[in-house]
$ cat structure_14.txt   # compact mmCIF, C-alpha atoms
# COMPACT_ATOMS: atom_id res chain seq x y z
CA MET A 5 0.00 0.00 0.00
CA ASN A 6 1.41 3.38 -1.03
CA ASN A 7 -0.14 6.18 1.02
CA LYS A 8 1.73 8.81 -1.04
CA VAL A 9 -0.11 7.99 -4.26
CA SER A 10 -2.88 10.48 -4.95
CA ILE A 11 -5.92 10.53 -7.20
CA LYS A 12 -4.04 13.08 -9.34
CA ASP A 13 -1.27 10.55 -10.00
CA ILE A 14 -3.78 7.96 -11.16
CA ALA A 15 -5.48 10.46 -13.47
CA ARG A 16 -2.14 11.48 -15.01
CA ILE A 17 -0.90 7.92 -15.62
CA ALA A 18 -4.28 6.74 -16.95
CA SER A 19 -4.61 9.89 -19.13
CA VAL A 20 -8.06 10.73 -17.78
CA SER A 21 -9.49 13.54 -15.68
CA ILE A 22 -9.50 13.57 -11.87
CA ALA A 23 -13.31 13.54 -12.02
CA THR A 24 -13.24 10.32 -14.05
CA VAL A 25 -10.96 8.61 -11.51
CA SER A 26 -13.29 9.75 -8.72
CA ASN A 27 -16.29 8.34 -10.60
CA VAL A 28 -14.53 4.98 -11.05
CA ILE A 29 -13.55 4.78 -7.36
CA ASN A 30 -17.05 5.74 -6.14
CA GLY A 31 -19.04 3.92 -8.83
CA THR A 32 -20.73 7.11 -9.94
CA GLY A 33 -21.12 8.99 -13.22
CA ARG A 34 -21.09 7.60 -16.77
CA VAL A 35 -17.74 5.97 -17.51
CA SER A 36 -17.08 3.44 -20.29
CA ALA A 37 -16.08 -0.11 -19.39
CA LYS A 38 -12.77 0.38 -21.20
CA THR A 39 -11.93 3.48 -19.11
CA ILE A 40 -12.99 1.76 -15.89
CA SER A 41 -10.68 -1.14 -16.70
CA LYS A 42 -7.78 1.21 -17.49
CA VAL A 43 -8.20 3.22 -14.30
CA ASN A 44 -8.55 0.13 -12.11
CA LYS A 45 -5.40 -1.32 -13.65
CA VAL A 46 -3.43 1.81 -12.64
CA ILE A 47 -4.98 1.73 -9.16
CA GLN A 48 -3.84 -1.90 -8.71
CA GLU A 49 -0.35 -1.23 -10.05
CA LEU A 50 0.16 1.73 -7.72
CA GLN A 51 -1.55 -0.10 -4.80
CA TYR A 52 -3.71 2.94 -4.21
CA VAL A 53 -6.14 2.80 -1.27
CA PRO A 54 -8.84 5.50 -1.03
CA SER A 55 -8.66 7.54 2.17
CA ALA A 56 -11.29 7.28 4.88
CA SER A 57 -12.58 10.71 3.88
CA ALA A 58 -12.92 9.58 0.26
CA ARG A 59 -14.85 6.48 1.31
CA SER A 60 -17.11 8.60 3.48
CA LEU A 61 -18.10 10.69 0.46
CA LYS A 62 -19.30 7.51 -1.18
CA ASP A 63 -21.40 6.08 1.65
CA LYS A 64 -22.25 9.39 3.34
CA ASN A 65 -20.71 8.27 6.65
CA SER A 66 -17.44 9.41 8.23
CA HIS A 67 -17.01 6.11 10.12
CA LEU A 68 -16.08 8.23 13.13
CA ILE A 69 -17.88 8.41 16.48
CA ALA A 70 -17.05 10.30 19.67
CA ILE A 71 -17.27 9.43 23.35
CA VAL A 72 -18.26 12.76 24.91
CA VAL A 73 -17.62 13.42 28.59
CA PRO A 74 -19.38 16.59 29.86
CA PHE A 75 -18.65 18.43 33.08
CA ILE A 76 -15.17 16.96 33.23
CA GLU A 77 -13.24 17.77 36.38
CA LYS A 78 -9.59 18.66 35.91
CA GLY A 79 -7.43 15.57 35.61
CA MET A 80 -10.36 13.16 35.52
CA LEU A 81 -9.84 11.86 31.98
CA GLN A 82 -6.13 11.40 32.48
CA ASP A 83 -6.12 9.59 35.82
CA ASN A 84 -9.28 7.48 35.64
CA PRO A 85 -8.92 3.98 34.13
CA PHE A 86 -12.73 3.96 33.78
CA TYR A 87 -12.36 5.94 30.57
CA TRP A 88 -9.54 3.77 29.22
CA GLU A 89 -11.68 0.66 29.70
CA LEU A 90 -14.75 2.36 28.26
CA VAL A 91 -12.88 3.34 25.09
CA ARG A 92 -11.53 -0.22 24.82
CA GLY A 93 -15.06 -1.60 25.05
CA VAL A 94 -16.38 0.83 22.43
CA GLU A 95 -13.48 0.09 20.07
CA ASN A 96 -13.97 -3.66 20.52
CA GLY A 97 -17.66 -3.31 19.73
CA ALA A 98 -17.01 -1.10 16.69
CA ARG A 99 -14.13 -3.10 15.21
CA ASN A 100 -16.17 -5.12 12.73
CA SER A 101 -17.85 -1.95 11.46
CA GLU A 102 -14.57 -0.18 10.64
CA VAL A 103 -15.57 2.71 12.89
CA GLN A 104 -12.95 4.85 14.60
CA VAL A 105 -13.45 6.29 18.10
CA ILE A 106 -12.33 9.59 19.61
CA LEU A 107 -12.64 10.70 23.24
CA VAL A 108 -13.69 14.32 23.86
CA GLY A 109 -13.91 16.14 27.19
CA ILE A 110 -16.16 19.21 27.01
CA GLU A 111 -17.05 22.25 29.11
CA ASP A 112 -20.54 23.56 29.86
CA ASP A 113 -20.25 26.16 27.07
CA GLU A 114 -19.26 23.65 24.35
CA ASP A 115 -20.74 24.60 20.95
CA PHE A 116 -20.21 21.12 19.43
CA ALA A 117 -18.58 22.53 16.31
CA PHE A 118 -16.36 19.43 16.26
CA VAL A 119 -19.42 17.29 15.43
CA ARG A 120 -19.98 19.23 12.20
CA GLN A 121 -16.31 19.76 11.37
CA ARG A 122 -15.47 16.07 11.62
CA HIS A 123 -18.83 14.89 10.22
CA LEU A 124 -19.33 12.53 13.16
CA ASP A 125 -21.76 9.67 12.62
CA GLY A 126 -22.80 9.48 16.27
CA LEU A 127 -22.08 10.23 19.92
CA ILE A 128 -21.81 8.24 23.13
CA VAL A 129 -22.39 10.78 25.90
CA VAL A 130 -21.14 9.93 29.38
CA GLY A 131 -22.65 11.39 32.54
CA GLY A 132 -25.02 13.96 31.09
CA TYR A 133 -27.55 15.67 33.35
CA GLU A 134 -31.04 15.86 31.92
CA HIS A 135 -31.67 19.55 32.62
CA SER A 136 -28.25 20.82 31.56
CA GLU A 137 -27.48 23.11 28.62
CA VAL A 138 -25.11 20.50 27.19
CA TYR A 139 -27.89 17.92 27.18
CA ARG A 140 -30.20 20.37 25.39
CA LYS A 141 -27.59 21.10 22.71
CA ILE A 142 -26.87 17.42 22.10
CA THR A 143 -30.51 16.44 21.70
CA ALA A 144 -31.15 19.44 19.41
CA MET A 145 -28.51 18.25 16.91
CA GLY A 146 -30.56 15.22 15.92
CA ILE A 147 -27.44 13.04 15.58
CA PRO A 148 -27.56 9.33 16.53
CA CYS A 149 -26.73 9.21 20.21
CA VAL A 150 -26.48 6.88 23.21
CA PHE A 151 -26.39 8.28 26.73
CA LEU A 152 -24.20 6.43 29.21
CA ASP A 153 -24.49 6.76 33.01
CA SER A 154 -27.03 9.55 32.56
CA HIS A 155 -30.27 8.05 33.98
CA LEU A 156 -32.55 10.11 31.74
CA THR A 157 -36.28 9.98 32.49
CA SER A 158 -37.46 10.26 28.88
CA PRO A 159 -38.11 6.84 27.31
CA GLU A 160 -37.32 8.09 23.80
CA PHE A 161 -33.55 8.24 24.26
CA TYR A 162 -31.13 5.33 23.93
CA GLN A 163 -29.22 4.82 27.15
CA VAL A 164 -27.04 2.38 29.06
CA ASP A 165 -26.94 2.77 32.82
CA LEU A 166 -25.60 0.96 35.84
CA ASP A 167 -27.71 -0.11 38.79
CA ASP A 168 -26.02 2.66 40.77
CA GLU A 169 -28.51 2.76 43.64
CA VAL A 170 -27.92 -0.94 44.30
CA GLY A 171 -24.16 -0.33 44.13
CA GLY A 172 -24.41 2.32 46.82
CA TYR A 173 -26.56 0.00 48.90
CA LEU A 174 -24.22 -3.01 48.61
CA GLY A 175 -21.09 -1.08 49.59
CA THR A 176 -22.74 0.50 52.59
CA ARG A 177 -24.41 -2.73 53.72
CA HIS A 178 -21.01 -4.45 53.61
CA LEU A 179 -19.54 -1.87 56.00
CA ILE A 180 -22.56 -2.04 58.30
CA GLY A 181 -22.23 -5.83 58.35
CA LEU A 182 -18.66 -5.36 59.63
CA GLY A 183 -19.99 -3.34 62.56
CA HIS A 184 -19.30 0.17 61.21
CA GLU A 185 -21.89 2.81 62.03
CA VAL A 186 -20.08 6.12 61.40
CA ILE A 187 -19.63 5.70 57.64
CA GLY A 188 -18.51 8.63 55.53
CA VAL A 189 -19.16 8.92 51.80
CA LEU A 190 -16.82 10.51 49.29
CA THR A 191 -19.35 11.32 46.61
CA GLY A 192 -17.98 13.54 43.89
CA LYS A 193 -20.52 15.98 42.42
CA LEU A 194 -24.00 15.35 43.83
CA GLU A 195 -26.71 16.38 41.39
CA GLU A 196 -30.17 14.86 41.30
CA GLY A 197 -30.39 12.09 38.72
CA GLY A 198 -26.62 11.66 38.42
CA VAL A 199 -24.76 8.43 39.20
CA ASN A 200 -23.31 9.82 42.44
CA TYR A 201 -26.75 10.93 43.59
CA LEU A 202 -28.17 7.45 42.99
CA ARG A 203 -25.25 5.79 44.77
CA TYR A 204 -25.90 8.16 47.66
CA GLN A 205 -29.56 7.09 47.72
CA GLY A 206 -28.40 3.48 48.04
CA TYR A 207 -26.14 4.51 50.93
CA LEU A 208 -29.09 6.18 52.66
CA ARG A 209 -31.31 3.12 52.12
CA ALA A 210 -28.75 0.81 53.76
CA LEU A 211 -28.39 3.16 56.74
CA LYS A 212 -32.17 3.38 57.17
CA GLU A 213 -32.56 -0.42 57.02
CA ALA A 214 -29.95 -0.74 59.78
CA GLY A 215 -31.56 1.96 61.92
CA ILE A 216 -28.55 4.28 61.57
CA GLN A 217 -29.27 8.01 61.41
CA SER A 218 -27.80 9.73 58.34
CA ASN A 219 -25.50 12.67 59.04
CA PRO A 220 -24.76 15.39 56.44
CA LYS A 221 -21.36 15.96 58.10
CA LEU A 222 -20.33 12.52 56.82
CA VAL A 223 -20.86 13.52 53.16
CA PHE A 224 -17.70 14.76 51.42
CA GLU A 225 -18.52 16.17 47.98
CA GLN A 226 -14.97 16.11 46.59
CA ALA A 227 -13.79 15.90 42.97
CA SER A 228 -13.90 12.35 41.57
CA SER A 229 -10.16 12.03 40.99
CA ILE A 230 -7.02 10.85 42.72
CA GLN A 231 -6.31 14.44 43.78
CA GLY A 232 -9.86 14.82 45.09
CA GLY A 233 -9.50 11.72 47.24
CA TYR A 234 -6.08 12.79 48.49
CA HIS A 235 -7.32 16.23 49.57
CA ALA A 236 -10.41 14.71 51.21
CA ALA A 237 -8.16 12.75 53.59
CA GLN A 238 -7.32 15.97 55.49
CA ARG A 239 -11.01 16.77 55.99
CA ILE A 240 -11.82 13.22 57.05
CA GLY A 241 -8.84 12.97 59.38
CA SER A 242 -9.75 16.21 61.15
CA SER A 243 -13.47 15.40 61.38
CA LYS A 244 -14.95 15.23 64.88
CA GLU A 245 -17.38 12.51 63.81
CA ARG A 246 -15.05 9.57 64.68
CA ILE A 247 -15.40 8.05 61.20
CA SER A 248 -14.46 4.36 61.06
CA ALA A 249 -15.21 3.69 57.38
CA ILE A 250 -15.40 5.56 54.08
CA PHE A 251 -17.29 4.62 50.93
CA ALA A 252 -15.67 6.39 47.94
CA PHE A 253 -17.89 6.49 44.86
CA SER A 254 -14.99 5.76 42.48
CA ASP A 255 -11.86 3.65 42.76
CA VAL A 256 -9.56 6.51 41.73
CA THR A 257 -10.94 8.61 44.57
CA ALA A 258 -10.37 5.70 46.96
CA ILE A 259 -6.76 5.39 45.74
CA GLY A 260 -6.07 9.06 46.43
CA LEU A 261 -7.86 8.83 49.77
CA ILE A 262 -5.81 5.86 50.99
CA ARG A 263 -2.56 7.63 50.12
CA GLY A 264 -3.80 10.83 51.78
CA LEU A 265 -4.79 8.97 54.95
CA HIS A 266 -1.38 7.31 55.01
CA ASP A 267 0.34 10.71 54.79
CA ILE A 268 -1.54 12.00 57.85
CA GLY A 269 -0.77 8.87 59.87
CA LEU A 270 -3.98 6.88 59.45
CA HIS A 271 -3.74 3.25 58.37
CA VAL A 272 -6.20 1.48 56.06
CA PRO A 273 -7.93 -0.69 57.15
CA ARG A 274 -6.74 -0.69 60.79
CA ASP A 275 -7.89 2.89 61.45
CA ILE A 276 -10.38 3.39 58.63
CA SER A 277 -11.95 0.84 56.26
CA VAL A 278 -12.36 1.98 52.65
CA VAL A 279 -14.71 0.81 49.88
CA GLY A 280 -14.38 1.97 46.27
CA PHE A 281 -16.59 1.75 43.19
CA ASP A 282 -15.78 0.40 39.67
CA ASP A 283 -13.21 -2.40 40.30
CA ASN A 284 -10.72 -0.77 37.97
CA PHE A 285 -7.41 -2.27 36.86
CA TYR A 286 -5.49 -1.10 39.95
CA ALA A 287 -7.96 -2.19 42.63
CA ASN A 288 -6.51 -5.69 43.07
CA TYR A 289 -2.87 -4.53 42.99
CA MET A 290 -2.99 -1.86 45.70
CA ILE A 291 -1.69 -2.32 49.22
CA PRO A 292 -4.14 -3.02 50.74
CA SER A 293 -6.13 -4.40 47.81
CA LEU A 294 -9.39 -2.50 47.45
CA THR A 295 -12.83 -3.72 48.43
CA THR A 296 -15.09 -2.27 45.75
CA ILE A 297 -18.31 -2.40 43.76
CA LYS A 298 -17.60 -4.10 40.44
CA GLN A 299 -19.02 -2.98 37.13
CA ASP A 300 -18.17 -4.29 33.66
CA VAL A 301 -16.95 -1.07 32.00
CA VAL A 302 -15.73 -2.80 28.82
CA GLY A 303 -19.07 -4.58 28.47
CA LYS A 304 -20.86 -1.29 29.02
CA GLY A 305 -18.94 0.27 26.14
CA GLN A 306 -19.74 -2.68 23.87
CA VAL A 307 -23.47 -2.44 24.60
CA ALA A 308 -23.44 1.33 24.02
CA VAL A 309 -21.68 1.18 20.64
CA SER A 310 -23.93 -1.65 19.48
CA MET A 311 -26.98 0.53 20.21
CA LEU A 312 -25.34 3.48 18.44
CA LEU A 313 -24.38 1.51 15.31
CA ASP A 314 -27.92 0.16 15.05
CA GLN A 315 -29.17 3.76 14.94
CA ILE A 316 -26.54 4.83 12.39
CA ASN A 317 -27.34 1.85 10.16
CA GLY A 318 -31.10 2.31 10.40
CA ASN A 319 -31.70 -0.83 12.48
CA ALA A 320 -32.79 0.91 15.67
CA SER A 321 -36.49 0.06 15.60
CA SER A 322 -35.96 -3.37 17.18
CA VAL A 323 -33.36 -2.23 19.72
CA GLU A 324 -34.15 -1.91 23.41
CA ARG A 325 -33.77 1.78 24.25
CA SER A 326 -32.81 1.44 27.91
CA VAL A 327 -30.36 -1.11 29.34
CA VAL A 328 -29.47 -1.32 33.05
CA LEU A 329 -26.36 -3.34 33.88
CA PRO A 330 -25.77 -5.15 37.20
CA VAL A 331 -23.14 -4.55 39.88
CA SER A 332 -21.55 -6.81 42.50
CA LEU A 333 -19.49 -6.48 45.69
CA ILE A 334 -15.82 -7.56 45.59
CA VAL A 335 -14.37 -7.95 49.10
CA ARG A 336 -10.61 -7.50 49.50
CA GLN A 337 -8.22 -6.20 52.17
CA SER A 338 -9.25 -2.56 52.62
CA THR A 339 -12.21 -3.37 54.89
CA ILE A 340 -12.18 -5.15 58.26
CA PRO A 341 -14.58 -5.39 61.21
CA PHE A 342 -14.97 -2.26 63.32
CA GLN A 343 -12.31 -2.04 66.03
CA LYS A 344 -13.44 -0.46 69.30
CA ILE A 345 -10.74 1.74 70.78
$ encode --input "structure_14.txt" --output "structure tokens"
Amino acid sequence: MNNKVSIKDIARIASVSIATVSNVINGTGRVSAKTISKVNKVIQELQYVPSASARSLKDKNSHLIAIVVPFIEKGMLQDNPFYWELVRGVENGARNSEVQVILVGIEDDEDFAFVRQRHLDGLIVVGGYEHSEVYRKITAMGIPCVFLDSHLTSPEFYQVDLDDEVGGYLGTRHLIGLGHEVIGVLTGKLEEGGVNYLRYQGYLRALKEAGIQSNPKLVFEQASSIQGGYHAAQRIGSSKERISAIFAFSDVTAIGLIRGLHDIGLHVPRDISVVGFDDNFYANYMIPSLTTIKQDVVGKGQVAVSMLLDQINGNASSVERSVVLPVSLIVRQSTIPFQKI
């Protein structure tokens, strides 16, 4: 394959116009069989392969989709393996369709010019809030779209969600079962309808079932990142609430928290038990290994891109519009029974 060969070279060698070569490649226009044979012979000899953009002119698709992450907190894309695994799942699911995937972090004032400029075929939107300006702009574009971890109330949109409320419940119930009663939560951004909000509702349900009074002073709304977890350790360590366990709503936050607690002289799990959420790549290799709520992020990406490609290819009528994926508790070394001092 010679990537340096252009359509102009083929036209020159075949002694035809550039428009004729384009018509032969795309199967358009009125070209004689003799000319088609001559042009194809030159194409084979030069091992010319049409570019992706040239192919897209023929079938009207760019074969390019974007994973869009709104409201991104600084550093979140870079330090969170969740997004690496999600992209891997989407790419795996799109491989047979020759679709390429890009990952885009956007601000609240995003104008989505990149969708038009790159002629994107579709979007997978992660963590959108239903009443946000970004959500309004995305839905107004009319582009094929799947919402991931967004928990939208409208049944008309295609979406893949996690059973986040159950995840919050399972993690909290595990800590209660170990005898912990003063359980803090490291939530990230709490906004009604978001994944953190639903995980928090599960936390509250487990407390209520156990007859434990909820306490707003145990809620730490810190950025969902390693840095956010690290900085939260100072607040937790200086709290007067005698916290014996923390449920962090992402593994990366739990990683930062454990390091931050270590730096202020608190040992996990001897002094404070910690539960994470996601079961990312690092969870089993930490010291201590991390007790966490497991979700299949790669599988989530595969389901999302399958739903998106069905829309792009006009096969969406038979596709289920809302999929909720299960979670499970993985118990490791970062949680132990409550130790009375």
$ atom_distance --input "structure_14.txt" --atom1 "CA of Glu213 in chain A" --atom2 "CA of Ser242 in chain A"
28.5 Å
$ residues_around --input "structure_14.txt" --residues "Tyr207 in chain A" --least-positions-apart "5" --cutoff "10 Å" --atoms "only C-alpha atoms" --output "NGL selection string"
:A and (169-177 or 187-189 or 201-202 or 212 or 218 or 251)
$ atom_distance --input "structure_14.txt" --atom1 "CA of Phe116 in chain A" --atom2 "CA of His135 in chain A"
17.5 Å
$ closest_residue --input "structure_14.txt" --among "A:Ile216, A:Val35, A:Ala308, A:Leu313" --to "Ser21 in chain A" --atoms "only C-alpha atoms"
A:Val35
$ atom_distance --input "structure_14.txt" --atom1 "CA of Ile276 in chain A" --atom2 "CA of Glu195 in chain A"
27.1 Å
$ closest_atom_pairs --input "structure_14.txt" --of "range 238-310 of chain A" --to "range 101-108 of chain A" --cutoff "12 Å" --atoms "all atoms listed in the file" --output "CSV"
residue,atom,partner,partner_atom,distance
A:Gly305,CA,A:Val105,CA,11.4
A:Val309,CA,A:Val103,CA,10.0
A:Ser310,CA,A:Ser101,CA,10.1
$ closest_atom_pairs --input "structure_14.txt" --of "range 132-188 of chain A" --to "range 317-341 of chain A" --cutoff "7 Å" --atoms "only C-alpha atoms" --output "tab-separated table"
residue	atom	partner	partner_atom	distance
A:Phe161	CA	A:Arg325	CA	6.5
A:Tyr162	CA	A:Arg325	CA	4.4
A:Gln163	CA	A:Ser326	CA	5.0
A:Val164	CA	A:Val327	CA	4.8
A:Asp165	CA	A:Val328	CA	4.8
A:Leu166	CA	A:Leu329	CA	4.8
A:Asp167	CA	A:Pro330	CA	5.6
A:Gly171	CA	A:Val331	CA	6.1
A:Leu174	CA	A:Leu333	CA	6.6
A:Gly175	CA	A:Leu333	CA	6.9
A:Leu182	CA	A:Pro341	CA	4.4
A:Gly183	CA	A:Pro341	CA	5.9
$ residues_around --input "structure_14.txt" --residues "Leu90 in chain A" --least-positions-apart "4" --cutoff "8 Å" --atoms "all atoms listed in the file" --output "number ranges by chain"
A: 86, 94, 301-302, 304-305
$ write_last_selection --input "structure_14.txt" --atoms "C-alpha atoms" --output "CSV table (one decimal), keeping the file's coordinate frame"
chain,number,residue,atom,x,y,z
A,86,PHE,CA,-12.7,4.0,33.8
A,94,VAL,CA,-16.4,0.8,22.4
A,301,VAL,CA,-17.0,-1.1,32.0
A,302,VAL,CA,-15.7,-2.8,28.8
A,304,LYS,CA,-20.9,-1.3,29.0
A,305,GLY,CA,-18.9,0.3,26.1
$ closest_residue --input "structure_14.txt" --among "A:Val307, A:Ile47, A:Leu124, A:Val28" --to "Gly93 in chain A" --atoms "all atoms listed in the file"
A:Val307
$ axis_aligned_box --input "structure_14.txt" --around "range 141-159 of chain A" --padding-each-side "4 Å" --output "lines of an AutoDock Vina configuration file"
center_x = -31.2
center_y = 13.8
center_z = 24.8
size_x = 21.9
size_y = 22.7
size_z = 26.4
$ residues_around --input "structure_14.txt" --residues "Ala117 in chain A" --least-positions-apart "4" --cutoff "12 Å" --atoms "only C-alpha atoms" --output "list of chain:residue names"
A:Ile110, A:Asp113, A:Gln121, A:Arg122, A:His123, A:Leu124, A:Lys141, A:Ile142, A:Met145
$ closest_residue --input "structure_14.txt" --among "A:Asn96, A:Asn27, A:Gln51, A:Ser154" --to "Pro74 in chain A" --atoms "only C-alpha atoms"
A:Ser154
$ residues_around --input "structure_14.txt" --residues "Asp283 in chain A" --least-positions-apart "6" --cutoff "7 Å" --atoms "only C-alpha atoms" --output "PyMOL selection string"
chain A and resi 255+296-299
$ closest_residue --input "structure_14.txt" --among "A:Ala23, A:Ala258, A:Val130, A:Leu50" --to "Val9 in chain A" --atoms "all atoms listed in the file"
A:Leu50
$ closest_residue --input "structure_14.txt" --among "A:Ile40, A:Leu127, A:Leu222, A:Ile259" --to "Asn84 in chain A" --atoms "all atoms listed in the file"
A:Ile259
$ closest_residue --input "structure_14.txt" --among "A:Val73, A:Gly192, A:Arg99, A:Tyr87" --to "Val138 in chain A" --atoms "all atoms listed in the file"
A:Val73
$ build_atoms --input "structure_14.txt" --residues "range 301-317 of chain A" --atoms "N, CA, C and O atoms" --output "compact mmCIF listing (two decimals), keeping the file's coordinate frame"
# COMPACT_ATOMS: atom_id res chain seq x y z
N VAL A 301 -17.06 -2.29 32.80
CA VAL A 301 -16.95 -1.07 32.00
C VAL A 301 -16.77 -1.41 30.52
O VAL A 301 -17.37 -0.77 29.65
N VAL A 302 -15.94 -2.41 30.22
CA VAL A 302 -15.73 -2.80 28.82
C VAL A 302 -17.05 -3.28 28.21
O VAL A 302 -17.41 -2.89 27.09
N GLY A 303 -17.77 -4.10 28.95
CA GLY A 303 -19.07 -4.58 28.47
C GLY A 303 -20.05 -3.44 28.27
O GLY A 303 -20.85 -3.45 27.32
N LYS A 304 -19.99 -2.46 29.14
CA LYS A 304 -20.86 -1.29 29.02
C LYS A 304 -20.58 -0.55 27.71
O LYS A 304 -21.51 -0.15 26.99
N GLY A 305 -19.31 -0.39 27.39
CA GLY A 305 -18.94 0.27 26.14
C GLY A 305 -19.40 -0.51 24.92
O GLY A 305 -19.86 0.06 23.92
N GLN A 306 -19.31 -1.85 24.99
CA GLN A 306 -19.74 -2.68 23.87
C GLN A 306 -21.25 -2.58 23.65
O GLN A 306 -21.71 -2.51 22.50
N VAL A 307 -22.01 -2.58 24.73
CA VAL A 307 -23.47 -2.44 24.60
C VAL A 307 -23.82 -1.08 24.01
O VAL A 307 -24.66 -0.97 23.11
N ALA A 308 -23.15 -0.03 24.48
CA ALA A 308 -23.44 1.33 24.02
C ALA A 308 -23.16 1.49 22.53
O ALA A 308 -23.98 2.05 21.79
N VAL A 309 -22.01 1.00 22.06
CA VAL A 309 -21.68 1.18 20.64
C VAL A 309 -22.57 0.32 19.75
O VAL A 309 -22.89 0.71 18.62
N SER A 310 -23.00 -0.83 20.25
CA SER A 310 -23.93 -1.65 19.48
C SER A 310 -25.25 -0.91 19.26
O SER A 310 -25.81 -0.89 18.15
N MET A 311 -25.75 -0.26 20.32
CA MET A 311 -26.98 0.53 20.21
C MET A 311 -26.79 1.70 19.25
O MET A 311 -27.69 2.05 18.48
N LEU A 312 -25.60 2.32 19.30
CA LEU A 312 -25.34 3.48 18.44
C LEU A 312 -25.25 3.06 16.97
O LEU A 312 -25.83 3.72 16.10
N LEU A 313 -24.53 1.97 16.70
CA LEU A 313 -24.38 1.51 15.31
C LEU A 313 -25.71 1.08 14.72
O LEU A 313 -25.96 1.29 13.51
N ASP A 314 -26.59 0.52 15.54
CA ASP A 314 -27.92 0.16 15.05
C ASP A 314 -28.69 1.41 14.61
O ASP A 314 -29.41 1.39 13.61
N GLN A 315 -28.53 2.51 15.35
CA GLN A 315 -29.17 3.76 14.94
C GLN A 315 -28.57 4.29 13.63
O GLN A 315 -29.29 4.69 12.71
N ILE A 316 -27.24 4.30 13.57
CA ILE A 316 -26.54 4.83 12.39
C ILE A 316 -26.92 4.04 11.14
O ILE A 316 -27.11 4.61 10.06
N ASN A 317 -27.06 2.72 11.30
CA ASN A 317 -27.34 1.85 10.16
C ASN A 317 -28.82 1.66 9.89
O ASN A 317 -29.22 0.86 9.03
